[in-house]
>>> print(open('work.txt').read())   # compact mmCIF, C-alpha atoms and all ligand atoms
# COMPACT_ATOMS: atom_id res chain seq x y z
CA MET A 1 0.00 0.00 0.00
CA LYS A 2 1.26 3.42 -0.95
CA ASP A 3 1.83 5.51 2.17
CA TRP A 4 1.65 9.24 2.78
CA PHE A 5 5.32 9.84 2.04
CA PHE A 6 5.15 8.24 -1.37
CA ASP A 7 1.83 9.90 -2.15
CA GLU A 8 3.17 13.41 -1.55
CA ALA A 9 6.57 12.67 -3.04
CA PHE A 10 5.15 11.30 -6.28
CA SER A 11 2.93 14.34 -6.66
CA ALA A 12 5.89 16.67 -6.18
CA ALA A 13 8.04 14.72 -8.66
CA CYS A 14 5.33 14.63 -11.35
CA PRO A 15 5.92 16.69 -14.45
CA ARG A 16 3.29 19.28 -15.17
CA PHE A 17 1.35 18.40 -18.31
CA HIS A 18 -1.37 21.05 -18.40
CA ASP A 19 -1.74 24.57 -17.00
CA ARG A 20 -4.87 23.89 -14.96
CA GLY A 21 -4.40 20.15 -14.59
CA TRP A 22 -7.85 19.19 -15.86
CA GLU A 23 -10.28 19.72 -18.69
CA VAL A 24 -13.74 18.46 -19.64
CA VAL A 25 -14.45 17.21 -23.17
CA SER A 26 -17.57 15.82 -24.82
CA LEU A 27 -17.35 12.39 -26.43
CA PRO A 28 -18.41 11.98 -30.06
CA ASP A 29 -22.00 10.84 -29.95
CA ASP A 30 -21.34 7.46 -31.58
CA PHE A 31 -18.59 6.69 -29.05
CA HIS A 32 -20.83 7.63 -26.12
CA GLN A 33 -23.78 5.67 -27.49
CA SER A 34 -21.61 2.57 -27.90
CA LEU A 35 -20.65 2.83 -24.22
CA VAL A 36 -24.28 3.29 -23.15
CA LYS A 37 -25.37 0.30 -25.26
CA GLY A 38 -22.59 -1.86 -23.84
CA TYR A 39 -23.40 -0.76 -20.31
CA HIS A 40 -27.11 -1.52 -20.62
CA GLU A 41 -26.51 -4.92 -22.18
CA ALA A 42 -23.85 -5.92 -19.68
CA PHE A 43 -25.54 -4.56 -16.58
CA PHE A 44 -29.19 -5.30 -17.13
CA LYS A 45 -28.56 -8.78 -18.45
CA ARG A 46 -26.39 -9.29 -15.34
CA ARG A 47 -23.81 -10.72 -17.67
CA SER A 48 -20.75 -9.66 -15.79
CA ALA A 49 -21.48 -7.19 -12.98
CA VAL A 50 -19.72 -8.13 -9.75
CA PRO A 51 -19.65 -6.22 -6.47
CA GLU A 52 -16.48 -4.40 -5.43
CA GLY A 53 -15.43 -3.02 -2.03
CA PRO A 54 -15.81 -1.82 0.73
CA ASP A 55 -13.04 -4.33 1.49
CA LYS A 56 -11.34 -3.02 -1.66
CA ARG A 57 -11.55 0.58 -0.60
CA ALA A 58 -8.13 1.41 -2.01
CA VAL A 59 -9.25 0.20 -5.39
CA VAL A 60 -12.86 1.26 -5.48
CA ASN A 61 -12.69 4.30 -3.25
CA THR A 62 -16.13 3.92 -1.76
CA LEU A 63 -16.93 3.94 1.90
CA GLY A 64 -18.94 0.98 3.05
CA LEU A 65 -21.16 0.83 0.01
CA PRO A 66 -21.22 -1.64 -2.87
CA THR A 67 -20.03 -0.63 -6.30
CA LEU A 68 -20.80 -2.94 -9.20
CA SER A 69 -17.98 -3.55 -11.63
CA LEU A 70 -18.14 -4.49 -15.28
CA ASN A 71 -14.35 -4.54 -15.54
CA ASP A 72 -14.23 -7.92 -17.23
CA ASP A 73 -16.97 -7.39 -19.79
CA PRO A 74 -15.60 -7.74 -23.33
CA ALA A 75 -17.91 -4.99 -24.59
CA PHE A 76 -15.41 -2.47 -23.23
CA ASP A 77 -12.16 -4.05 -24.41
CA GLY A 78 -11.64 -1.38 -27.07
CA VAL A 79 -12.16 1.64 -24.81
CA ARG A 80 -8.59 1.74 -23.55
CA ASP A 81 -7.19 2.13 -27.06
CA ASN A 82 -9.95 4.30 -28.49
CA PRO A 83 -8.14 6.57 -31.01
CA TRP A 84 -10.32 9.64 -30.40
CA LEU A 85 -9.75 9.44 -26.63
CA LEU A 86 -6.00 8.92 -27.07
CA ALA A 87 -5.79 11.94 -29.41
CA GLU A 88 -7.71 14.10 -26.91
CA MET A 89 -5.45 12.99 -24.06
CA GLU A 90 -2.33 13.70 -26.12
CA ARG A 91 -3.65 17.17 -26.97
CA PHE A 92 -4.39 17.72 -23.25
CA ALA A 93 -0.99 16.44 -22.13
CA GLY A 94 1.01 18.00 -24.95
CA CYS A 95 3.01 14.83 -25.62
CA PRO A 96 2.61 11.33 -27.08
CA LEU A 97 1.02 8.89 -24.65
CA VAL A 98 0.55 5.15 -24.22
CA PRO A 99 -2.75 3.82 -22.84
CA SER A 100 -2.08 1.72 -19.74
CA ARG A 101 -5.29 0.61 -17.99
CA ARG A 102 -9.06 0.69 -18.26
CA TYR A 103 -11.45 0.16 -15.37
CA GLY A 104 -15.19 -0.12 -15.39
CA PRO A 105 -17.84 0.64 -16.08
CA ARG A 106 -18.16 0.96 -12.33
CA VAL A 107 -21.65 1.61 -11.10
CA ALA A 108 -21.78 3.59 -7.86
CA THR A 109 -24.89 3.36 -5.73
CA ARG A 110 -26.74 5.92 -3.60
CA GLY A 111 -24.57 7.33 -0.84
CA ALA A 112 -21.24 6.44 -2.47
CA VAL A 113 -18.28 8.74 -2.04
CA LEU A 114 -14.89 8.81 -3.71
CA VAL A 115 -12.38 9.29 -0.93
CA PRO A 116 -9.59 11.85 -1.50
CA HIS A 117 -6.65 10.16 -3.20
CA ARG A 118 -4.07 10.29 -5.95
CA ASP A 119 -3.84 7.49 -8.49
CA LYS A 120 -1.14 4.86 -8.96
CA PRO A 121 2.03 6.58 -10.21
CA GLN A 122 3.35 3.65 -12.25
CA THR A 123 0.36 3.45 -14.59
CA HIS A 124 -2.11 6.27 -13.87
CA LEU A 125 -0.23 9.54 -14.48
CA LEU A 126 -2.95 10.88 -16.75
CA GLY A 127 -6.58 9.85 -16.47
CA ALA A 128 -9.86 10.10 -18.34
CA SER A 129 -12.96 9.75 -16.16
CA ILE A 130 -15.91 9.15 -18.50
CA THR A 131 -19.50 9.47 -17.33
CA VAL A 132 -21.40 6.80 -19.25
CA ALA A 133 -24.83 7.20 -17.67
CA CYS A 134 -26.30 8.38 -14.38
CA ASP A 135 -29.55 9.08 -12.60
CA THR A 136 -28.74 11.52 -9.82
CA ASP A 137 -30.90 13.98 -7.90
CA GLU A 138 -28.14 16.56 -7.92
CA PRO A 139 -24.61 16.81 -9.39
CA TRP A 140 -22.12 14.37 -7.85
CA LEU A 141 -19.22 16.79 -7.97
CA MET A 142 -15.61 15.81 -8.51
CA VAL A 143 -13.26 17.96 -6.44
CA LEU A 144 -9.76 18.49 -7.84
CA GLU A 145 -6.92 19.91 -5.76
CA ASN A 146 -3.99 21.36 -7.62
CA PRO A 147 -0.74 21.41 -5.61
CA ASP A 148 -0.50 25.15 -6.40
CA GLY A 149 -3.54 25.68 -4.13
CA ARG A 150 -6.29 25.84 -6.72
CA ARG A 151 -9.41 23.79 -5.91
CA ASP A 152 -12.08 23.10 -8.52
CA GLU A 153 -15.45 21.34 -8.47
CA VAL A 154 -16.50 19.65 -11.69
CA ASP A 155 -19.92 18.35 -12.69
CA LEU A 156 -19.60 15.69 -15.39
CA LEU A 157 -22.64 14.99 -17.53
CA PRO A 158 -23.27 11.70 -19.35
CA GLY A 159 -21.15 11.69 -22.48
CA GLN A 160 -18.47 13.91 -20.99
CA ALA A 161 -14.95 12.98 -19.92
CA LEU A 162 -12.74 14.62 -17.33
CA LEU A 163 -9.12 14.60 -18.51
CA PHE A 164 -6.81 15.19 -15.57
CA GLU A 165 -3.40 14.75 -14.01
CA ALA A 166 -4.40 11.89 -11.74
CA VAL A 167 -1.18 11.57 -9.71
CA ARG A 168 -0.24 15.23 -9.37
CA MET A 169 -3.76 16.27 -8.35
CA ARG A 170 -5.62 14.84 -5.40
CA HIS A 171 -9.23 14.16 -6.34
CA ALA A 172 -12.43 13.10 -4.61
CA ARG A 173 -16.20 13.05 -4.71
CA PRO A 174 -16.61 13.85 -1.02
CA THR A 175 -20.38 14.44 -0.98
CA PRO A 176 -22.42 11.22 -0.86
CA MET A 177 -24.07 10.57 -4.21
CA LYS A 178 -27.78 11.38 -4.13
CA GLY A 179 -29.62 9.37 -6.75
CA LYS A 180 -30.07 5.90 -8.16
CA PHE A 181 -26.74 5.20 -9.88
CA TYR A 182 -23.67 6.65 -11.53
CA ALA A 183 -21.78 4.61 -14.14
CA GLY A 184 -18.27 5.65 -15.14
CA ILE A 185 -15.32 4.29 -17.13
CA PHE A 186 -11.73 5.21 -16.31
CA VAL A 187 -8.78 5.06 -18.69
CA HIS A 188 -5.18 5.78 -17.71
CA TYR A 189 -2.13 6.81 -19.74
CA LEU A 190 1.62 7.20 -19.46
CA PRO A 191 4.01 9.35 -21.53
CA ALA A 192 5.35 7.37 -24.48
CA ASP A 193 8.80 8.76 -23.70
CA PRO A 194 9.97 7.70 -20.21
CA GLY A 195 12.40 10.63 -20.40
CA ARG A 196 9.37 12.92 -19.89
CA LEU A 197 9.56 11.79 -16.24
CA SER A 198 12.32 13.04 -14.00
CA PRO A 199 15.07 10.85 -12.55
CA GLU A 200 13.50 11.60 -9.14
CA PHE A 201 10.21 10.14 -10.34
CA HIS A 202 11.86 6.99 -11.66
CA GLU A 203 13.80 6.62 -8.42
CA LEU A 204 10.59 6.93 -6.39
CA ALA A 205 8.89 4.38 -8.64
CA ARG A 206 11.78 1.98 -8.06
CA ARG A 207 11.58 2.44 -4.30
CA PHE A 208 7.80 2.20 -4.37
CA GLU A 209 7.96 -1.11 -6.19
CA GLY A 210 10.26 -2.36 -3.47
CA ALA A 211 7.91 -1.17 -0.74
CA VAL A 212 4.75 -2.97 -1.82
FE FE B 301 -8.56 8.29 -8.84
>>> encode(input="work.txt", output="structure tokens", more="lines below")
Ligand SMILES: [Fe+2]
Amino acid sequence: MKDWFFDEAFSAACPRFHDRGWEVVSLPDDFHQSLVKGYHEAFFKRRSAVPEGPDKRAVVNTLGLPTLSLNDDPAFDGVRDNPWLLAEMERFAGCPLVPSRRYGPRVATRGAVLVPHRDKPQTHLLGASITVACDTDEPWLMVLENPDGRRDEVDLLPGQALLFEAVRMRHARPTPMKGKFYAGIFVHYLPADPGRLSPEFHELARRFEGAV
């Protein structure tokens, strides 16, 4: 488990990819509709949804509430390498990237929170948080803390993606979700050129690997 020292140290050693650290983009309609179709088929046919957490809090980031995962559903195998999403992330980051991981759709239930955290430095430097579908009574706001002191609250609508620096910026949805469900997909990226990361970052990654 990553501890406080590594969490803060990784954030400090992260290169800065974007002035503000985050941006919201709208998916092309056909891409969004393909995600919605896959979500409905996978979830409502109960083909592959499995509960995650609260025992997996570090992974799922919910507190005491079930989140259903469709991580293993083949309908979403292509999302990680989606060319439009990769191009948007590269524009956001200002450098060539390599997709690393895809999670979800994860379906959060009423009362869920996303605890404040930074993502895994080895694979999650840049992240896209896509809202596939939701039925909420009020916005379930994502709070982003920039190390320079800026704090932003972002409301993501279905079909929108939050592109953000997921290790440098602590993020959370601290207010319990009010509504029926919230389904999101998360894709993570690394710079194609490891030289984009500082020797300090690589050294921390080496020590982190040894600490887990
Ligand atoms: Fe995260």
>>> closest_atom_pairs(input="work.txt", of="chain A", to="ligand FE 301 (chain B)", cutoff="10 Å", atoms="only C-alpha atoms and all ligand atoms", output="tab-separated table")
residue	atom	partner	partner_atom	distance
A:Ala58	CA	B:FE301	FE	9.7
A:Val59	CA	B:FE301	FE	8.8
A:Val60	CA	B:FE301	FE	8.9
A:Asn61	CA	B:FE301	FE	8.0
A:Leu114	CA	B:FE301	FE	8.2
A:Val115	CA	B:FE301	FE	8.8
A:Pro116	CA	B:FE301	FE	8.2
A:His117	CA	B:FE301	FE	6.2
A:Arg118	CA	B:FE301	FE	5.7
A:Asp119	CA	B:FE301	FE	4.8
A:Lys120	CA	B:FE301	FE	8.2
A:His124	CA	B:FE301	FE	8.4
A:Gly127	CA	B:FE301	FE	8.0
A:Ala128	CA	B:FE301	FE	9.8
A:Ser129	CA	B:FE301	FE	8.7
A:Phe164	CA	B:FE301	FE	9.8
A:Glu165	CA	B:FE301	FE	9.8
A:Ala166	CA	B:FE301	FE	6.2
A:Val167	CA	B:FE301	FE	8.1
A:Met169	CA	B:FE301	FE	9.3
A:Arg170	CA	B:FE301	FE	8.0
A:His171	CA	B:FE301	FE	6.4
A:Ala172	CA	B:FE301	FE	7.5
A:Arg173	CA	B:FE301	FE	9.9
A:Phe186	CA	B:FE301	FE	8.7
A:His188	CA	B:FE301	FE	9.8
>>> residues_around(input="work.txt", residues="A:Arg150", least_positions_apart="5", cutoff="9 Å", atoms="only C-alpha atoms", output="PyMOL selection string")
chain A and resi 20+144-145
>>> atom_distance(input="work.txt", atom1="atom CA of A:Arg101", atom2="atom CA of A:Leu162")
15.9 Å
>>> closest_residue(input="work.txt", among="A:Pro83, A:Gly111, A:Pro191, A:Gly184", to="A:Val98", atoms="all atoms listed in the file")
A:Pro191
>>> closest_residue(input="work.txt", among="A:Leu70, A:Ala75, A:Cys95, A:Val107", to="A:Phe181", atoms="all atoms listed in the file")
A:Val107
>>> residues_near_point(input="work.txt", point="(-1.0, 7.0, -19.8)", cutoff="6 Å", atoms="only C-alpha atoms", output="ChimeraX atom specification")
/A:97-100,125-126,188-191
>>> write_last_selection(input="work.txt", atoms="C-alpha atoms", output="mmCIF file, in the coordinates of the input")
data_model
loop_
_atom_site.group_PDB
_atom_site.id
_atom_site.type_symbol
_atom_site.label_atom_id
_atom_site.label_comp_id
_atom_site.auth_asym_id
_atom_site.auth_seq_id
_atom_site.Cartn_x
_atom_site.Cartn_y
_atom_site.Cartn_z
ATOM 1 C CA LEU A 97 1.020 8.890 -24.650
ATOM 2 C CA VAL A 98 0.550 5.150 -24.220
ATOM 3 C CA PRO A 99 -2.750 3.820 -22.840
ATOM 4 C CA SER A 100 -2.080 1.720 -19.740
ATOM 5 C CA LEU A 125 -0.230 9.540 -14.480
ATOM 6 C CA LEU A 126 -2.950 10.880 -16.750
ATOM 7 C CA HIS A 188 -5.180 5.780 -17.710
ATOM 8 C CA TYR A 189 -2.130 6.810 -19.740
ATOM 9 C CA LEU A 190 1.620 7.200 -19.460
ATOM 10 C CA PRO A 191 4.010 9.350 -21.530
#
>>> closest_residue(input="work.txt", among="A:Ala42, A:Leu27, A:Leu86, A:Ile185", to="A:Val132", atoms="all atoms listed in the file")
A:Ile185
>>> closest_residue(input="work.txt", among="A:Thr109, A:Pro74, A:Ile130, A:Pro147", to="A:Glu41", atoms="only C-alpha atoms")
A:Pro74
>>> residues_around(input="work.txt", residues="A:Leu141", least_positions_apart="5", cutoff="6 Å", atoms="all atoms listed in the file", output="PDB file with C-alpha atoms, in the coordinates of the input")
ATOM      1  CA  GLU A 153     -15.450  21.340  -8.470  1.00  0.00           C
ATOM      2  CA  VAL A 154     -16.500  19.650 -11.690  1.00  0.00           C
ATOM      3  CA  ASP A 155     -19.920  18.350 -12.690  1.00  0.00           C
ATOM      4  CA  ARG A 173     -16.200  13.050  -4.710  1.00  0.00           C
TER       5      ARG A 173
END
>>> atom_distance(input="work.txt", atom1="atom CA of A:Pro28", atom2="atom CA of A:Gly159")
8.1 Å
>>> atom_distance(input="work.txt", atom1="atom CA of A:Leu156", atom2="atom CA of A:Ser26")
9.6 Å
>>> residues_near_point(input="work.txt", point="(10.1, 13.2, -10.1)", cutoff="12 Å", atoms="all atoms listed in the file", output="PyMOL selection string")
chain A and resi 6-16+121-122+125+167-168+194-206
>>> residues_around(input="work.txt", residues="A:Phe92", least_positions_apart="2", cutoff="10 Å", atoms="all atoms listed in the file", output="JSON, numbers by chain")
{"A": [17, 18, 19, 21, 22, 23, 86, 87, 88, 89, 90, 94, 95, 126, 163, 164, 165]}
>>> write_last_selection(input="work.txt", atoms="C-alpha atoms", output="PDB file, in the coordinates of the input")
ATOM      1  CA  PHE A  17       1.350  18.400 -18.310  1.00  0.00           C
ATOM      2  CA  HIS A  18      -1.370  21.050 -18.400  1.00  0.00           C
ATOM      3  CA  ASP A  19      -1.740  24.570 -17.000  1.00  0.00           C
ATOM      4  CA  GLY A  21      -4.400  20.150 -14.590  1.00  0.00           C
ATOM      5  CA  TRP A  22      -7.850  19.190 -15.860  1.00  0.00           C
ATOM      6  CA  GLU A  23     -10.280  19.720 -18.690  1.00  0.00           C
ATOM      7  CA  LEU A  86      -6.000   8.920 -27.070  1.00  0.00           C
ATOM      8  CA  ALA A  87      -5.790  11.940 -29.410  1.00  0.00           C
ATOM      9  CA  GLU A  88      -7.710  14.100 -26.910  1.00  0.00           C
ATOM     10  CA  MET A  89      -5.450  12.990 -24.060  1.00  0.00           C
ATOM     11  CA  GLU A  90      -2.330  13.700 -26.120  1.00  0.00           C
ATOM     12  CA  GLY A  94       1.010  18.000 -24.950  1.00  0.00           C
ATOM     13  CA  CYS A  95       3.010  14.830 -25.620  1.00  0.00           C
ATOM     14  CA  LEU A 126      -2.950  10.880 -16.750  1.00  0.00           C
ATOM     15  CA  LEU A 163      -9.120  14.600 -18.510  1.00  0.00           C
ATOM     16  CA  PHE A 164      -6.810  15.190 -15.570  1.00  0.00           C
ATOM     17  CA  GLU A 165      -3.400  14.750 -14.010  1.00  0.00           C
TER      18      GLU A 165
END
>>> closest_residue(input="work.txt", among="A:Pro96, A:Pro158, A:Pro139, A:Gly104", to="A:Met177", atoms="all atoms listed in the file")
A:Pro139
>>> residues_around(input="work.txt", residues="A:Asp135", least_positions_apart="6", cutoff="9 Å", atoms="all atoms listed in the file", output="PyMOL selection string")
chain A and resi 178-182
>>> closest_residue(input="work.txt", among="A:Asp193, A:Arg102, A:Ala112, A:Phe31", to="A:Trp140", atoms="all atoms listed in the file")
A:Ala112
